[in-house]
Structures are given as structure tokens and as C-alpha cells.
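Working notes for the structure below.
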Amino acid sequence: MKALKYTVYYHGHSSLVGAKYRKYGPAQPGGTLSQWYSLTDVTFGSVSIAGEAVATASFTLHDNQPGDSTGDDGVIVDPGGPAISATNIMPVPGLNRSALMLLALLLLSVGYLYRVSAN
């Protein structure tokens, strides 16, 4: 069984404290149902590169074991990365129905005036 040890470097991030390594694909290698799941046994750390702290994630993947998106083919496919749970999610500001109707009316008016002035 082929096993590969990975260390992924995330430049621009000094720490991944509280992160989980999330993957998207079949939970069982070679499966057909793709879903999000957490990869276990991932070690998050930090190294210094050119004087800058860079976050890392280290783990081992085995061919045809959880974490490998393909079956027993000698190839390990790993679509995944760190995820941090957002606890203070800010809603995207939007307009209420009346404001949307007013905006649509304004846009129609501008379009009409542009068309009338062009003729």
C-alpha cells in the first residue's frame, strides 16, 4: 500500500489554530457520493521561511484509504484544505422589497431618458 507524507505550506498565514483539514470527495476511496468531511491525524504548525512565519498542515495519505479520492490505482488524489469555523458571520447587506422596486424604477427611468435623448 503506497503512503505519502505531505506538508502543505500556507504563505500569508502565520497560524491555523482551530483549523480542521476538510476534504471534498468520496468519504470512501472510489465511491461515487462526494461530500465534505474532515481528515483526521493532521498536524498544524508553523515554520519560518525567509524570516516570515508560514502556517503548515502535515498528514499522511495512503492509496485506497480515507483521504484518497480514487480507488486502488496507485494514485492519491487529495482535494482539500484547512477550514476554520466562522462564529461571527456577518450577513450580507441587502435591500428590502420596496427599495429593490424603487431601484428598478430608477434604472428603468434612466434607461428611458437615455433612449429618448438619443433620438
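Letters A, B, ... mark the chains of the C-alpha cells in the order given; residue numbers begin at 1 per chain; ligand numbers begin at 1, in order shown.
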Would you list the contacts of Asp72 (chain A) as a ChimeraX atom specification, taking every protein, DNA or RNA residue within 10 Å and counting only C-alpha atoms, but skipping same-chain residues closer than 6 positions in sequence?
-> /A:1-2,29-30,62-65
Please save N, CA and C atoms of the selected residues as a CSV table (one decimal), in the first residue's frame.
chain,number,residue,atom,x,y,z
A,1,MET,N,0.8,-1.2,0.0
A,1,MET,CA,0.0,0.0,0.0
A,1,MET,C,0.9,1.2,0.0
A,2,LYS,N,0.7,2.1,-1.0
A,2,LYS,CA,1.5,3.3,-1.1
A,2,LYS,C,1.1,4.4,-0.1
A,29,PRO,N,-12.7,5.7,-0.6
A,29,PRO,CA,-12.0,5.8,-1.9
A,29,PRO,C,-12.7,5.0,-3.0
A,30,GLY,N,-12.8,5.7,-4.2
A,30,GLY,CA,-13.5,5.1,-5.3
A,30,GLY,C,-15.0,5.2,-5.3
A,62,HIS,N,-2.7,7.4,2.4
A,62,HIS,CA,-2.5,6.0,1.9
A,62,HIS,C,-3.4,5.8,0.7
A,63,ASP,N,-2.8,5.1,-0.3
A,63,ASP,CA,-3.6,4.8,-1.5
A,63,ASP,C,-4.8,3.9,-1.1
A,64,ASN,N,-5.9,4.2,-1.6
A,64,ASN,CA,-7.2,3.4,-1.3
A,64,ASN,C,-7.6,3.4,0.1
A,65,GLN,N,-7.3,4.5,0.9
A,65,GLN,CA,-7.7,4.7,2.2
A,65,GLN,C,-8.4,6.0,2.3
Contacts of region 34-81 of chain A with region 8-15 of chain A up to 6 Å, shortest pair per row, only C-alpha atoms, as CSV:
residue,atom,partner,partner_atom,distance
A:Ala53,CA,A:Ser14,CA,4.9
A:Val54,CA,A:Ser14,CA,4.7
A:Ala55,CA,A:Ser14,CA,4.8
A:Thr56,CA,A:Tyr9,CA,4.6
A:Ala57,CA,A:Val8,CA,5.3
So that I can check the secondary structure, give me every residue of chain A assigned strand (DSSP E or B) by backbone DSSP, as a PDB file with C-alpha atoms, in the first residue's frame.
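Output saved as part26.pdb:
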ATOM      1  CA  ALA A   3       1.693   6.041   1.553  1.00  0.00           C
ATOM      2  CA  LEU A   4       2.802   9.635   1.105  1.00  0.00           C
ATOM      3  CA  LYS A   5       3.629  12.175   3.807  1.00  0.00           C
ATOM      4  CA  TYR A   6       2.511  15.689   2.899  1.00  0.00           C
ATOM      5  CA  THR A   7       3.362  19.069   4.348  1.00  0.00           C
ATOM      6  CA  VAL A   8       1.370  21.897   2.806  1.00  0.00           C
ATOM      7  CA  TYR A   9       2.630  25.478   3.293  1.00  0.00           C
ATOM      8  CA  TYR A  10       0.148  28.368   3.517  1.00  0.00           C
ATOM      9  CA  LYS A  20      -9.614  21.350  10.556  1.00  0.00           C
ATOM     10  CA  TYR A  21      -8.400  19.829   7.300  1.00  0.00           C
ATOM     11  CA  ARG A  22     -11.567  19.459   5.217  1.00  0.00           C
ATOM     12  CA  LYS A  23     -11.863  17.425   2.050  1.00  0.00           C
ATOM     13  CA  TYR A  24     -14.458  17.249  -0.694  1.00  0.00           C
ATOM     14  CA  GLY A  25     -14.917  13.940  -2.446  1.00  0.00           C
ATOM     15  CA  PRO A  26     -15.974  10.396  -1.687  1.00  0.00           C
ATOM     16  CA  SER A  34     -18.964  13.374  -2.991  1.00  0.00           C
ATOM     17  CA  GLN A  35     -19.316  15.160   0.327  1.00  0.00           C
ATOM     18  CA  TRP A  36     -17.389  17.362   2.766  1.00  0.00           C
ATOM     19  CA  TYR A  37     -15.598  15.536   5.585  1.00  0.00           C
ATOM     20  CA  SER A  38     -12.704  16.142   7.974  1.00  0.00           C
ATOM     21  CA  LEU A  39      -9.371  14.396   7.561  1.00  0.00           C
ATOM     22  CA  THR A  43      -0.828  18.314  12.464  1.00  0.00           C
ATOM     23  CA  PHE A  44      -0.968  22.081  12.071  1.00  0.00           C
ATOM     24  CA  GLY A  45       2.182  24.051  12.705  1.00  0.00           C
ATOM     25  CA  SER A  46       4.289  26.959  11.578  1.00  0.00           C
ATOM     26  CA  VAL A  47       7.770  27.313  10.080  1.00  0.00           C
ATOM     27  CA  SER A  48       9.956  30.298   9.359  1.00  0.00           C
ATOM     28  CA  ILE A  49      10.698  30.923   5.690  1.00  0.00           C
ATOM     29  CA  GLU A  52       8.360  35.065   7.849  1.00  0.00           C
ATOM     30  CA  ALA A  53       6.108  32.667   9.789  1.00  0.00           C
ATOM     31  CA  VAL A  54       4.248  30.329   7.416  1.00  0.00           C
ATOM     32  CA  ALA A  55       1.410  28.045   8.554  1.00  0.00           C
ATOM     33  CA  THR A  56       1.677  24.339   7.698  1.00  0.00           C
ATOM     34  CA  ALA A  57      -0.532  21.261   7.660  1.00  0.00           C
ATOM     35  CA  SER A  58       1.174  17.837   7.765  1.00  0.00           C
ATOM     36  CA  PHE A  59      -0.503  14.478   7.226  1.00  0.00           C
ATOM     37  CA  THR A  60      -0.023  11.071   5.635  1.00  0.00           C
ATOM     38  CA  LEU A  61      -2.297   9.677   2.930  1.00  0.00           C
ATOM     39  CA  HIS A  62      -2.471   6.044   1.871  1.00  0.00           C
ATOM     40  CA  GLY A  80      -8.809  19.531   0.447  1.00  0.00           C
ATOM     41  CA  GLY A  81      -7.501  22.267   2.673  1.00  0.00           C
ATOM     42  CA  PRO A  82      -7.794  23.919   6.077  1.00  0.00           C
ATOM     43  CA  ALA A  83     -11.115  25.299   7.232  1.00  0.00           C
TER      44      ALA A  83
END
d(CA of Ser85 (chain A), CA of Ala19 (chain A)) in Å =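 Computing the Euclidean distance for CA of Ser85 (chain A) and CA of Ala19 (chain A) yields 7.4 Å.
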